[in-house]
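**Student:** My file is input-v6.cif. It has mmCIF, C-alpha atoms:
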data_data
loop_
_atom_site.label_atom_id
_atom_site.label_comp_id
_atom_site.auth_asym_id
_atom_site.auth_seq_id
_atom_site.Cartn_x
_atom_site.Cartn_y
_atom_site.Cartn_z
CA MET A 1 -0.63 -102.02 15.01
CA GLU A 2 -3.10 -100.08 17.18
CA VAL A 3 -6.53 -101.70 17.38
CA ARG A 4 -9.40 -99.38 16.49
CA PRO A 5 -12.61 -100.04 18.47
CA ARG A 6 -15.30 -101.46 16.15
CA ALA A 7 -18.74 -102.74 17.13
CA VAL A 8 -19.02 -104.79 13.93
CA ALA A 9 -16.24 -107.06 15.21
CA LEU A 10 -18.67 -108.49 17.78
CA THR A 11 -21.12 -109.77 15.17
CA PRO A 12 -19.46 -113.20 14.61
CA LEU A 13 -20.07 -114.31 18.20
CA LEU A 14 -23.60 -112.91 18.10
CA ALA A 15 -24.18 -114.86 14.89
CA PHE A 16 -22.93 -118.08 16.51
CA LEU A 17 -25.16 -117.64 19.55
CA ALA A 18 -28.19 -116.79 17.39
CA LEU A 19 -27.65 -119.83 15.16
CA PHE A 20 -26.89 -122.33 17.94
CA PHE A 21 -29.61 -121.30 20.36
CA GLY A 22 -32.09 -120.48 17.60
CA ALA A 23 -31.74 -123.98 16.15
CA GLY A 24 -32.02 -125.54 19.61
CA LEU A 25 -35.18 -123.61 20.43
CA TYR A 26 -36.67 -124.43 17.04
CA PHE A 27 -36.12 -128.18 17.29
CA THR A 28 -37.30 -128.17 20.91
CA SER A 29 -40.49 -126.35 19.88
CA GLN A 30 -41.05 -129.14 17.33
CA GLY A 31 -41.24 -131.63 20.19
CA ASP A 32 -37.66 -132.90 20.03
CA ALA A 33 -36.49 -133.42 23.62
CA MET A 34 -32.90 -133.36 22.39
CA GLY A 35 -33.39 -130.24 20.30
CA PHE A 36 -30.12 -128.64 21.36
CA TYR A 37 -28.20 -131.67 20.10
CA GLN A 38 -29.49 -131.44 16.54
CA LEU A 39 -27.07 -128.68 15.54
CA HIS A 40 -23.77 -129.33 17.26
CA ALA A 41 -21.95 -126.27 18.56
CA PRO A 42 -18.66 -126.94 16.68
CA VAL A 43 -20.66 -126.92 13.44
CA ALA A 44 -22.77 -123.89 14.39
CA ILE A 45 -19.64 -121.84 15.03
CA LEU A 46 -18.19 -122.42 11.55
CA PRO A 47 -20.21 -119.63 9.86
CA ALA A 48 -19.19 -117.31 12.70
CA LEU A 49 -15.53 -118.15 12.08
CA ALA A 50 -15.95 -117.40 8.38
CA LEU A 51 -17.58 -114.07 9.21
CA GLY A 52 -14.85 -113.27 11.73
CA LEU A 53 -12.14 -114.03 9.17
CA TRP A 54 -13.82 -111.77 6.61
CA ILE A 55 -14.22 -108.87 9.05
CA ALA A 56 -10.63 -109.21 10.25
CA HIS A 57 -9.35 -109.28 6.66
CA ARG A 58 -11.36 -106.16 5.81
CA GLN A 59 -9.77 -104.39 8.79
CA GLY A 60 -6.25 -105.18 7.59
CA VAL A 61 -5.64 -107.94 10.13
CA LYS A 62 -3.74 -111.10 9.17
CA ALA A 63 -6.91 -113.10 9.62
CA VAL A 64 -5.71 -116.68 9.24
CA ASP A 65 -2.60 -116.09 11.37
CA THR A 66 -4.73 -114.51 14.09
CA LEU A 67 -7.17 -117.42 14.00
CA LEU A 68 -4.37 -119.96 14.35
CA GLU A 69 -2.74 -117.99 17.17
CA GLY A 70 -6.05 -117.95 19.05
CA ILE A 71 -6.58 -121.67 18.54
CA GLY A 72 -3.02 -122.39 19.64
CA ASP A 73 -3.12 -120.11 22.69
CA SER A 74 -1.55 -121.86 25.69
CA ASN A 75 -4.70 -121.36 27.81
CA ILE A 76 -6.86 -122.96 25.12
CA ILE A 77 -4.53 -125.93 24.66
CA LEU A 78 -4.33 -126.44 28.43
CA MET A 79 -8.12 -126.39 28.59
CA CYS A 80 -8.36 -129.03 25.85
CA LEU A 81 -5.84 -131.29 27.58
CA ILE A 82 -7.85 -131.03 30.79
CA PHE A 83 -10.98 -131.97 28.85
CA LEU A 84 -9.31 -135.05 27.37
CA LEU A 85 -7.76 -136.31 30.60
CA ALA A 86 -10.91 -135.62 32.60
CA GLY A 87 -12.97 -137.55 30.08
CA ALA A 88 -10.55 -140.47 30.18
CA PHE A 89 -10.40 -140.50 34.00
CA ALA A 90 -14.20 -140.39 34.28
CA MET A 91 -14.61 -143.24 31.79
CA VAL A 92 -11.95 -145.51 33.32
CA THR A 93 -13.14 -145.02 36.90
CA LYS A 94 -16.71 -145.73 35.81
CA GLN A 95 -15.74 -148.91 33.96
CA ILE A 96 -13.68 -150.37 36.81
CA GLY A 97 -16.53 -149.85 39.32
CA ALA A 98 -15.06 -146.99 41.35
CA VAL A 99 -18.42 -145.21 41.54
CA ASP A 100 -20.06 -148.19 43.23
CA ALA A 101 -17.14 -148.35 45.63
CA VAL A 102 -17.59 -144.70 46.63
CA VAL A 103 -21.24 -145.29 47.41
CA ALA A 104 -20.43 -148.51 49.26
CA LEU A 105 -17.93 -146.78 51.54
CA GLY A 106 -20.46 -144.55 53.14
CA VAL A 107 -21.69 -141.84 50.84
CA GLY A 108 -24.95 -143.77 50.76
CA ALA A 109 -25.14 -143.50 54.56
CA LEU A 110 -25.63 -139.73 54.29
CA PRO A 111 -29.17 -138.49 54.93
CA PRO A 112 -30.75 -137.64 51.57
CA ALA A 113 -31.00 -133.96 52.54
CA LEU A 114 -27.22 -133.72 52.95
CA ILE A 115 -26.18 -135.20 49.61
CA LEU A 116 -26.48 -132.01 47.55
CA PRO A 117 -25.02 -129.65 50.21
CA GLY A 118 -22.23 -132.19 50.70
CA MET A 119 -21.28 -132.16 47.03
CA PHE A 120 -21.33 -128.35 47.01
CA LEU A 121 -19.06 -128.17 50.08
CA ILE A 122 -16.64 -130.82 48.79
CA ALA A 123 -16.28 -129.01 45.46
CA GLY A 124 -15.97 -125.66 47.24
CA PHE A 125 -13.21 -126.88 49.54
CA LEU A 126 -11.24 -128.48 46.73
CA SER A 127 -11.55 -125.45 44.47
CA LEU A 128 -10.55 -123.12 47.31
CA ALA A 129 -7.48 -125.27 47.94
CA ILE A 130 -6.32 -125.67 44.33
CA GLY A 131 -7.60 -122.41 42.85
CA THR A 132 -9.19 -123.82 39.71
CA SER A 133 -12.81 -124.57 38.92
CA MET A 134 -11.88 -126.70 35.91
CA GLY A 135 -9.67 -129.03 37.93
CA THR A 136 -12.34 -129.29 40.61
CA ILE A 137 -15.09 -130.23 38.17
CA ALA A 138 -12.82 -132.79 36.53
CA ALA A 139 -12.03 -134.39 39.90
CA VAL A 140 -15.43 -134.25 41.61
CA ALA A 141 -17.93 -134.70 38.76
CA PRO A 142 -17.33 -138.47 38.31
CA ILE A 143 -18.03 -139.02 42.01
CA ALA A 144 -21.09 -136.78 41.88
CA LEU A 145 -22.51 -138.68 38.91
CA GLY A 146 -22.21 -141.98 40.73
CA ILE A 147 -23.93 -140.54 43.78
CA SER A 148 -26.66 -139.08 41.59
CA ASP A 149 -27.40 -142.41 39.96
CA ALA A 150 -27.35 -144.27 43.28
CA SER A 151 -29.59 -141.79 45.11
CA GLY A 152 -32.04 -141.10 42.32
CA LEU A 153 -31.27 -137.39 42.26
CA ASP A 154 -31.47 -135.43 39.04
CA ARG A 155 -28.04 -135.44 37.40
CA ALA A 156 -28.30 -131.78 36.46
CA LEU A 157 -29.05 -130.84 40.06
CA VAL A 158 -26.03 -132.73 41.44
CA ILE A 159 -23.64 -131.44 38.76
CA GLY A 160 -25.04 -127.94 39.27
CA ALA A 161 -24.04 -128.20 42.94
CA VAL A 162 -20.52 -129.19 41.87
CA ILE A 163 -20.29 -126.27 39.43
CA GLY A 164 -21.46 -123.92 42.18
CA GLY A 165 -18.91 -125.22 44.65
CA ALA A 166 -16.15 -125.01 42.07
CA THR A 167 -17.08 -121.39 41.35
CA PHE A 168 -17.21 -120.54 45.06
CA GLY A 169 -13.70 -121.82 45.69
CA ASP A 170 -12.18 -120.45 42.48
CA ASN A 171 -13.59 -116.99 43.18
CA LEU A 172 -12.18 -116.89 46.73
CA SER A 173 -8.94 -118.84 46.44
CA VAL A 174 -5.80 -116.76 47.01
CA ILE A 175 -3.92 -118.89 44.47
CA SER A 176 -6.56 -118.64 41.72
CA ASP A 177 -5.31 -116.97 38.55
CA THR A 178 -8.47 -114.85 38.40
CA ALA A 179 -7.99 -113.61 41.97
CA ILE A 180 -4.35 -112.75 41.35
CA ALA A 181 -5.14 -111.00 38.06
CA ALA A 182 -8.01 -109.02 39.61
CA ALA A 183 -5.91 -107.89 42.57
CA ARG A 184 -2.93 -106.90 40.44
CA THR A 185 -4.93 -104.94 37.89
CA GLN A 186 -6.75 -102.99 40.61
CA GLY A 187 -3.71 -102.26 42.77
CA CYS A 188 -4.55 -104.19 45.94
CA SER A 189 -3.25 -107.33 47.62
CA VAL A 190 -4.89 -110.72 47.11
CA ARG A 191 -5.59 -110.83 50.85
CA GLU A 192 -7.45 -107.51 50.74
CA LYS A 193 -9.46 -108.73 47.78
CA PHE A 194 -10.24 -111.99 49.64
CA ARG A 195 -11.60 -110.17 52.68
CA GLU A 196 -13.83 -107.97 50.55
CA ASN A 197 -14.95 -110.94 48.44
CA LEU A 198 -15.78 -113.10 51.46
CA LYS A 199 -18.41 -110.61 52.66
CA ILE A 200 -20.40 -111.33 49.51
CA ALA A 201 -19.53 -114.95 48.73
CA LEU A 202 -20.25 -116.33 52.22
CA PRO A 203 -23.93 -115.25 52.33
CA ALA A 204 -24.38 -116.62 48.80
CA ALA A 205 -22.84 -119.95 49.86
CA LEU A 206 -25.06 -120.19 52.95
CA LEU A 207 -28.15 -119.53 50.84
CA THR A 208 -27.02 -122.22 48.41
CA VAL A 209 -26.56 -124.81 51.16
CA LEU A 210 -30.04 -124.08 52.54
CA VAL A 211 -31.67 -124.34 49.11
CA LEU A 212 -29.79 -127.52 48.20
CA ALA A 213 -30.85 -129.13 51.47
CA PHE A 214 -34.47 -128.95 50.30
CA ALA A 215 -33.93 -129.39 46.55
CA GLY A 216 -34.70 -132.69 44.90
CA GLU A 217 -36.02 -135.90 46.40
CA ALA A 218 -33.25 -138.36 47.10
CA SER A 219 -33.40 -141.91 48.28
CA PRO A 220 -30.66 -143.43 50.44
CA ALA A 221 -27.99 -144.50 47.97
CA GLN A 222 -27.75 -148.23 47.48
CA ALA A 223 -24.42 -149.69 46.49
CA GLU A 224 -23.55 -152.98 44.89
CA GLN A 225 -22.26 -155.31 47.56
CA THR A 226 -19.44 -156.58 45.35
CA ALA A 227 -17.74 -153.19 44.97
CA SER A 228 -14.15 -153.23 46.21
CA PRO A 229 -13.24 -150.40 48.62
CA TRP A 230 -9.78 -150.23 47.02
CA LEU A 231 -11.36 -148.71 43.93
CA VAL A 232 -12.01 -145.51 45.88
CA LEU A 233 -8.27 -144.79 46.02
CA PRO A 234 -8.00 -143.17 42.55
CA TYR A 235 -10.56 -140.56 43.63
CA VAL A 236 -8.88 -140.04 46.98
CA LEU A 237 -5.48 -139.73 45.33
CA VAL A 238 -6.75 -137.15 42.84
CA LEU A 239 -8.33 -135.07 45.59
CA VAL A 240 -5.24 -135.23 47.81
CA LEU A 241 -2.81 -134.40 45.01
CA ALA A 242 -5.02 -131.51 43.92
CA VAL A 243 -5.15 -130.08 47.45
CA ILE A 244 -1.36 -130.41 47.75
CA GLY A 245 -1.09 -128.16 44.74
CA LEU A 246 0.11 -130.38 41.90
CA ASP A 247 -0.65 -129.26 38.37
CA VAL A 248 -4.09 -130.44 37.29
CA LEU A 249 -2.70 -132.27 34.22
CA LEU A 250 -0.29 -134.22 36.41
CA VAL A 251 -3.03 -134.95 38.92
CA LEU A 252 -5.38 -136.34 36.29
CA SER A 253 -2.59 -138.33 34.62
CA ILE A 254 -1.57 -139.97 37.89
CA GLY A 255 -5.19 -140.66 38.75
CA LEU A 256 -5.76 -142.25 35.35
CA VAL A 257 -2.77 -144.59 35.67
CA VAL A 258 -3.66 -145.56 39.24
CA ALA A 259 -7.27 -146.24 38.20
CA GLY A 260 -6.01 -148.57 35.48
CA VAL A 261 -3.71 -150.39 37.91
CA PHE A 262 -6.48 -150.92 40.46
CA GLY A 263 -8.85 -152.04 37.72
CA TYR A 264 -6.30 -154.66 36.69
CA ALA A 265 -5.69 -155.72 40.29
CA THR A 266 -9.36 -156.12 41.20
CA SER A 267 -10.65 -157.72 38.00
CA SER A 268 -9.13 -160.51 35.96
CA ASP A 269 -10.99 -159.23 32.89
CA TYR A 270 -9.47 -155.76 32.99
CA GLY A 271 -6.19 -155.59 31.10
CA ILE A 272 -4.17 -153.23 28.92
CA ALA A 273 -6.57 -153.60 25.99
CA ALA A 274 -9.62 -152.68 28.08
CA PHE A 275 -7.74 -149.82 29.74
CA SER A 276 -6.67 -148.30 26.45
CA THR A 277 -10.17 -148.75 25.01
CA ASP A 278 -11.70 -146.91 27.97
CA ILE A 279 -9.18 -144.08 27.69
CA TYR A 280 -10.02 -143.58 24.04
CA ALA A 281 -13.74 -143.78 24.80
CA GLY A 282 -13.16 -141.03 27.35
CA PHE A 283 -11.42 -138.95 24.70
CA GLU A 284 -14.32 -139.49 22.32
CA SER A 285 -16.80 -138.33 24.97
CA VAL A 286 -15.22 -134.85 25.05
CA VAL A 287 -14.41 -134.38 21.36
CA GLU A 288 -17.26 -131.91 20.87
CA ILE A 289 -16.26 -129.58 23.69
CA THR A 290 -12.58 -129.85 22.74
CA LEU A 291 -13.34 -128.72 19.20
CA LEU A 292 -15.60 -125.93 20.46
CA ALA A 293 -12.90 -124.70 22.87
CA LEU A 294 -10.39 -124.52 20.00
CA PHE A 295 -12.82 -122.66 17.75
CA ILE A 296 -13.88 -120.28 20.54
CA GLY A 297 -10.21 -119.47 21.12
CA GLY A 298 -9.75 -118.62 17.46
CA LEU A 299 -12.97 -116.61 17.27
CA GLY A 300 -12.05 -114.66 20.40
CA ALA A 301 -8.68 -113.77 18.91
CA LEU A 302 -10.35 -112.52 15.71
CA ILE A 303 -12.84 -110.41 17.69
CA LYS A 304 -10.06 -108.89 19.78
CA ALA A 305 -7.80 -108.17 16.80
CA SER A 306 -10.70 -106.58 14.88
CA GLY A 307 -11.47 -104.17 17.73
CA GLY A 308 -14.59 -105.75 19.23
CA LEU A 309 -13.32 -105.94 22.80
CA ALA A 310 -11.77 -102.48 22.56
CA TRP A 311 -15.17 -101.13 21.51
CA LEU A 312 -16.84 -102.80 24.49
CA ALA A 313 -14.32 -101.33 26.93
CA ARG A 314 -14.56 -97.85 25.40
CA THR A 315 -18.36 -97.86 25.39
CA ILE A 316 -18.72 -98.89 29.01
CA SER A 317 -16.02 -96.44 30.06
CA ARG A 318 -17.85 -93.60 28.32
CA ILE A 319 -21.13 -94.51 30.01
CA ALA A 320 -19.42 -94.54 33.40
CA ARG A 321 -17.70 -91.23 32.73
CA GLY A 322 -21.05 -89.58 32.11
CA SER A 323 -22.34 -90.23 35.62
CA ASP A 324 -21.01 -89.61 39.12
CA GLY A 325 -21.09 -91.71 42.26
CA ARG A 326 -19.55 -94.89 43.55
CA ARG A 327 -22.62 -96.95 42.71
CA THR A 328 -22.32 -95.98 39.03
CA GLY A 329 -18.68 -97.04 39.09
CA GLU A 330 -19.52 -100.42 40.61
CA TRP A 331 -22.29 -101.07 38.08
CA SER A 332 -19.92 -100.11 35.26
CA ILE A 333 -17.23 -102.50 36.50
CA ALA A 334 -19.81 -105.29 36.81
CA ALA A 335 -21.11 -104.67 33.29
CA LEU A 336 -17.59 -104.46 31.86
CA ALA A 337 -16.53 -107.74 33.49
CA SER A 338 -19.71 -109.60 32.49
CA VAL A 339 -19.82 -108.50 28.86
CA THR A 340 -16.10 -109.07 28.35
CA ASP A 341 -16.40 -112.62 29.66
CA VAL A 342 -19.40 -113.30 27.42
CA PHE A 343 -17.26 -112.39 24.41
CA THR A 344 -14.08 -114.18 25.53
CA ALA A 345 -15.52 -117.23 27.38
CA ASN A 346 -12.38 -117.14 29.56
CA ASN A 347 -12.51 -115.51 32.98
CA THR A 348 -8.79 -114.86 33.32
CA VAL A 349 -8.52 -113.36 29.85
CA ALA A 350 -11.61 -111.23 30.56
CA ILE A 351 -9.95 -109.75 33.66
CA LEU A 352 -6.69 -109.05 31.85
CA ILE A 353 -8.54 -107.30 29.03
CA SER A 354 -10.88 -105.24 31.19
CA GLY A 355 -8.62 -104.69 34.20
CA SER A 356 -7.08 -101.35 33.20
CA VAL A 357 -10.45 -99.89 32.17
CA ALA A 358 -12.00 -101.13 35.43
CA ARG A 359 -9.23 -99.47 37.43
CA ASP A 360 -9.80 -96.19 35.62
CA ILE A 361 -13.53 -96.41 36.38
CA ALA A 362 -12.81 -97.23 40.03
CA GLU A 363 -10.51 -94.24 40.45
CA ARG A 364 -13.00 -91.87 38.80
CA HIS A 365 -15.87 -93.04 40.97
CA ASP A 366 -14.10 -93.53 44.30
CA VAL A 367 -14.44 -97.33 44.33
CA PRO A 368 -11.81 -98.83 46.70
CA PRO A 369 -9.28 -101.08 44.92
CA ALA A 370 -10.25 -104.20 46.90
CA ARG A 371 -13.92 -103.61 46.12
CA ALA A 372 -13.17 -103.15 42.41
CA ALA A 373 -11.05 -106.32 42.34
CA SER A 374 -13.78 -108.25 44.14
CA LEU A 375 -16.50 -107.11 41.73
CA LEU A 376 -14.31 -107.83 38.73
CA ASP A 377 -13.57 -111.37 39.90
CA ILE A 378 -17.13 -112.12 41.04
CA PHE A 379 -18.76 -111.19 37.77
CA VAL A 380 -16.28 -112.90 35.44
CA CYS A 381 -16.39 -116.10 37.53
CA SER A 382 -20.17 -116.19 37.90
CA VAL A 383 -20.86 -115.35 34.26
CA GLN A 384 -18.20 -117.82 33.10
CA SER A 385 -19.83 -120.61 35.10
CA LEU A 386 -23.23 -119.84 33.55
CA LEU A 387 -22.16 -119.62 29.90
CA PRO A 388 -23.52 -122.64 27.98
CA TYR A 389 -20.41 -122.41 25.78
CA GLY A 390 -18.02 -121.76 28.67
CA ALA A 391 -15.41 -124.35 29.62
CA GLN A 392 -16.89 -125.15 33.03
CA ILE A 393 -20.40 -126.04 31.87
CA LEU A 394 -19.10 -127.72 28.72
CA LEU A 395 -16.85 -130.03 30.72
CA ALA A 396 -19.55 -130.82 33.28
CA ALA A 397 -22.21 -131.37 30.60
CA SER A 398 -19.91 -133.65 28.63
CA LEU A 399 -19.05 -135.79 31.65
CA ALA A 400 -22.72 -135.99 32.67
CA GLY A 401 -24.11 -136.54 29.17
CA LEU A 402 -26.39 -133.51 29.49
CA SER A 403 -27.19 -130.46 27.42
CA PRO A 404 -25.22 -127.40 28.63
CA LEU A 405 -28.49 -125.48 28.92
CA ALA A 406 -29.80 -128.07 31.37
CA LEU A 407 -27.05 -127.06 33.82
CA VAL A 408 -27.40 -123.28 33.58
CA GLY A 409 -30.45 -123.10 35.82
CA LYS A 410 -29.10 -125.69 38.27
CA ALA A 411 -25.91 -123.82 39.21
CA HIS A 412 -27.68 -122.20 42.16
CA TYR A 413 -24.61 -120.67 43.78
CA CYS A 414 -23.69 -118.70 40.67
CA TRP A 415 -27.12 -117.10 40.55
CA PHE A 416 -27.11 -116.41 44.30
CA LEU A 417 -23.64 -114.87 44.02
CA VAL A 418 -24.86 -112.45 41.35
CA ALA A 419 -28.01 -111.62 43.34
CA VAL A 420 -26.15 -111.04 46.62
CA THR A 421 -23.52 -108.93 44.87
CA ILE A 422 -26.22 -106.75 43.30
CA ALA A 423 -27.83 -106.35 46.73
CA PHE A 424 -24.48 -105.21 48.16
CA MET A 425 -24.07 -102.77 45.27
CA LEU A 426 -27.54 -101.32 45.91
CA TRP A 427 -26.91 -100.97 49.65
CA PRO A 428 -26.34 -97.31 50.63
CA HIS A 429 -22.66 -96.41 50.96
CA ARG A 430 -21.54 -94.42 54.00
CA ARG A 431 -17.90 -94.11 53.14
CA LYS A 432 -18.06 -90.51 52.01
CA ALA A 433 -20.06 -89.48 55.04
CA SER A 434 -17.58 -91.10 57.43
CA VAL A 435 -14.67 -89.49 55.60
CA ALA A 436 -16.32 -86.07 55.83
CA ALA A 437 -17.00 -86.56 59.54
CA GLY A 438 -13.37 -87.52 60.11
CA ALA A 439 -12.22 -84.40 58.29
#
The structure in this file should be written as structure tokens.
**Tutor:**
Amino acid sequence: MEVRPRAVALTPLLAFLALFFGAGLYFTSQGDAMGFYQLHAPVAILPALALGLWIAHRQGVKAVDTLLEGIGDSNIILMCLIFLLAGAFAMVTKQIGAVDAVVALGVGALPPALILPGMFLIAGFLSLAIGTSMGTIAAVAPIALGISDASGLDRALVIGAVIGGATFGDNLSVISDTAIAAARTQGCSVREKFRENLKIALPAALLTVLVLAFAGEASPAQAEQTASPWLVLPYVLVLVLAVIGLDVLLVLSIGLVVAGVFGYATSSDYGIAAFSTDIYAGFESVVEITLLALFIGGLGALIKASGGLAWLARTISRIARGSDGRRTGEWSIAALASVTDVFTANNTVAILISGSVARDIAERHDVPPARAASLLDIFVCSVQSLLPYGAQILLAASLAGLSPLALVGKAHYCWFLVAVTIAFMLWPHRRKASVAAGA
């Protein structure tokens, strides 16, 4: 059945955002420091799901079937499994003393000014190598939290550096699903897209490193003298396996088992019972984001089936068609990518949905394919990493025990990437002039 574009299909997500953030702001204004924890997101989204089901039913869509298909989407289930394993790995490594071991082996020897840039670069390298921001956050965040506690740095600042590095690598990696999808939908090679992307991402990364070098006041990290250096191996193993290219679920599973083995080997008090208890405690720590991811998947499916995303694509395409010039085309692609990701909370899905419309805009406005692919990937990745209900911030916030909103302003690279990209878009283009001269 052909999907008719309908603006009303977008109202469920708008209702969820209004309810969740409205309640958080209200309780915060009442002096509650934990105001955004008073109404939990999985509860706040329930009225939006009911509204989405009603709208879909009114449009002739099999509402319940669509909801279940969205919840059971393979990308959503994979995301939830990553959440669970990452939570378990973080909990087990913390309980066996691996964080103290990392600090003891030399992280604490770093000058305070290099701690934040170092975490950004480590996350960036890993994400570039494995092509996934989620896997990077799951692997690096537990280490970053230990360093944060040992150095006295704000947790949000350290985790923000990790999110930024993960976004940097995911956006540039030639094996990232977003990079591949962007290149394919725009008709260019991944290598061409990488070269175009690097011109923008590298200045943003350099700015981030400079800012992080002066952000926060850290003390030299002090480690507990009793920490065993062998406890670092689970972290090292996870990083190495991830760089080699193993699936993130397999990487986290292996790391979890190895962490349990080393905990047993280095402590007479750590046995099967303690190991299983820590795993379950790790699961419990990510229950909220796991539920929200499932519900967001179902809500996104309802919005798409009811014509909400089709309406977004049509509206932006019409606006672009009414104006001439390459700059208009680039702004239209940026807006299309950003808004689509806001309503899907999944960067790969956002590219697949908006890719054909973006290509049409690029062809109409003389935007080179590599440039279009770069803009598409940049804006979905940066917006995705700044969404308080997006998987990246939800995972990081859950592992760090922070409100998602506390991390939004600390992901410096994501903001710099958007700012630098806008500057590049505003820069005068000379392509047409050079073509005319060549003719």
**Student:** Please provide as a PyMOL selection string all residues within 10 Å of Leu68 in chain A, with the sequence filter that same-chain residues fewer than 6 positions apart are discarded (counting only C-alpha atoms).
**Tutor:** chain A and resi 294-295+297-299+301-302
**Student:** What is the distance, in Å and to one decimal place, between CA of Ala113 in chain A and CA of Ala411 in chain A?
**Tutor:** 17.5 Å
**Student:** Return as number ranges by chain the set of residues that the PyMOL selection byres ((chain A and resi 59-66) around 10) yields on the displayed structure.
**Tutor:** A: 1, 3-4, 6, 9, 52-58, 67-72, 298-307
**Student:** Measure the distance from CA of Gln392 in chain A to CA of Met134 in chain A in Å and round it to one decimal.
**Tutor:**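 Distance reported for this atom pair: 6.0 Å.
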**Student:** I want to know what sits within 9 Å of Leu291 in chain A, based on all atoms listed in the file, with residues of the same chain fewer than 6 positions away left out; could you give that as a ChimeraX atom specification?
**Tutor:** /A:41-42,80
**Student:** Apply the PyMOL selection byres ((chain A and resi 363-375) around 6) to the displayed file and report the matching residues as a PyMOL selection string.
**Tutor:** chain A and resi 182-183+186+188+192-193+197+325-326+329+360-362+376-378
**Student:** Please produce a file of those selected residues containing C-alpha atoms, as a PDB file, in the frame of the given file.
**Tutor:**
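To be explicit, this is the file written out as again_15.pdb:
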ATOM      1  CA  ALA A 182      -8.010-109.020  39.610  1.00  0.00           C
ATOM      2  CA  ALA A 183      -5.910-107.890  42.570  1.00  0.00           C
ATOM      3  CA  GLN A 186      -6.750-102.990  40.610  1.00  0.00           C
ATOM      4  CA  CYS A 188      -4.550-104.190  45.940  1.00  0.00           C
ATOM      5  CA  GLU A 192      -7.450-107.510  50.740  1.00  0.00           C
ATOM      6  CA  LYS A 193      -9.460-108.730  47.780  1.00  0.00           C
ATOM      7  CA  ASN A 197     -14.950-110.940  48.440  1.00  0.00           C
ATOM      8  CA  GLY A 325     -21.090 -91.710  42.260  1.00  0.00           C
ATOM      9  CA  ARG A 326     -19.550 -94.890  43.550  1.00  0.00           C
ATOM     10  CA  GLY A 329     -18.680 -97.040  39.090  1.00  0.00           C
ATOM     11  CA  ASP A 360      -9.800 -96.190  35.620  1.00  0.00           C
ATOM     12  CA  ILE A 361     -13.530 -96.410  36.380  1.00  0.00           C
ATOM     13  CA  ALA A 362     -12.810 -97.230  40.030  1.00  0.00           C
ATOM     14  CA  LEU A 376     -14.310-107.830  38.730  1.00  0.00           C
ATOM     15  CA  ASP A 377     -13.570-111.370  39.900  1.00  0.00           C
ATOM     16  CA  ILE A 378     -17.130-112.120  41.040  1.00  0.00           C
TER      17      ILE A 378
END
**Student:** Applying the PyMOL selection byres ((chain A and resi 83) around 9) to the file I just gave you, which residues come out? Please list them as a list of chain:residue names.
**Tutor:** A:Leu78, A:Met79, A:Cys80, A:Leu81, A:Ile82, A:Leu84, A:Leu85, A:Ala86, A:Gly87, A:Ala88, A:Met134, A:Ala138, A:Phe283, A:Val286, A:Val287, A:Ile289, A:Thr290, A:Ala391, A:Leu395
**Student:** Pick out the closest residue to Leu207 in chain A from this set: A:Pro112, A:Ala310, A:Gly164, A:Val158. Count only C-alpha atoms.
**Tutor:** A:Gly164
**Student:** With all atoms listed in the file as the basis for distance, which of A:Val257, A:Ala179, A:Leu246, A:Leu172 is at the shortest distance from Ile200 in chain A?
**Tutor:**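 When distances to Ile200 in chain A are compared using all atoms listed in the file, the smallest one comes from A:Leu172.
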**Student:** Using Å and a single decimal, report how far CA of Leu128 in chain A sits from CA of Val190 in chain A.
**Tutor:**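 Between CA of Val190 in chain A and CA of Leu128 in chain A the gap is 13.6 Å.
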**Student:** First collect every listed atom of range 403-411 of chain A; then fit an axis-aligned box around them, widen it by 6 Å on each side, and give centre and edge lengths in Å to one decimal, as lines of an AutoDock Vina configuration file.
**Tutor:**
center_x = -27.8
center_y = -126.8
center_z = 33.3
size_x = 17.2
size_y = 19.4
size_z = 23.8
**Student:** What lies within 8 Å of Ala345 in chain A using only C-alpha atoms, ignoring chain neighbours under 5 positions off, as a ChimeraX atom specification?
**Tutor:** /A:296,350,384,387,389-391
**Student:** Kindly extract all protein, DNA and RNA residues lying within 12 Å of the coordinates (-8.9, -157.7, 43.9) given in the file, considering all atoms listed in the file, and supply them as a list in words.
**Tutor:**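 The answer, in the requested form, is Ile96, Gly97, Thr226, Ala227, Ser228, Pro229, Trp230, Leu231, Val261, Phe262, Gly263, Tyr264, Ala265, Thr266, Ser267, Ser268, Asp269 and Tyr270 of chain A.
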**Student:** Would you save the residues of that selection, restricted to C-alpha atoms, as an mmCIF file, keeping the file's coordinate frame?
**Tutor:**
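Output saved as again-v1.cif:
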data_model
loop_
_atom_site.group_PDB
_atom_site.id
_atom_site.type_symbol
_atom_site.label_atom_id
_atom_site.label_comp_id
_atom_site.auth_asym_id
_atom_site.auth_seq_id
_atom_site.Cartn_x
_atom_site.Cartn_y
_atom_site.Cartn_z
ATOM 1 C CA ILE A 96 -13.680 -150.370 36.810
ATOM 2 C CA GLY A 97 -16.530 -149.850 39.320
ATOM 3 C CA THR A 226 -19.440 -156.580 45.350
ATOM 4 C CA ALA A 227 -17.740 -153.190 44.970
ATOM 5 C CA SER A 228 -14.150 -153.230 46.210
ATOM 6 C CA PRO A 229 -13.240 -150.400 48.620
ATOM 7 C CA TRP A 230 -9.780 -150.230 47.020
ATOM 8 C CA LEU A 231 -11.360 -148.710 43.930
ATOM 9 C CA VAL A 261 -3.710 -150.390 37.910
ATOM 10 C CA PHE A 262 -6.480 -150.920 40.460
ATOM 11 C CA GLY A 263 -8.850 -152.040 37.720
ATOM 12 C CA TYR A 264 -6.300 -154.660 36.690
ATOM 13 C CA ALA A 265 -5.690 -155.720 40.290
ATOM 14 C CA THR A 266 -9.360 -156.120 41.200
ATOM 15 C CA SER A 267 -10.650 -157.720 38.000
ATOM 16 C CA SER A 268 -9.130 -160.510 35.960
ATOM 17 C CA ASP A 269 -10.990 -159.230 32.890
ATOM 18 C CA TYR A 270 -9.470 -155.760 32.990
#
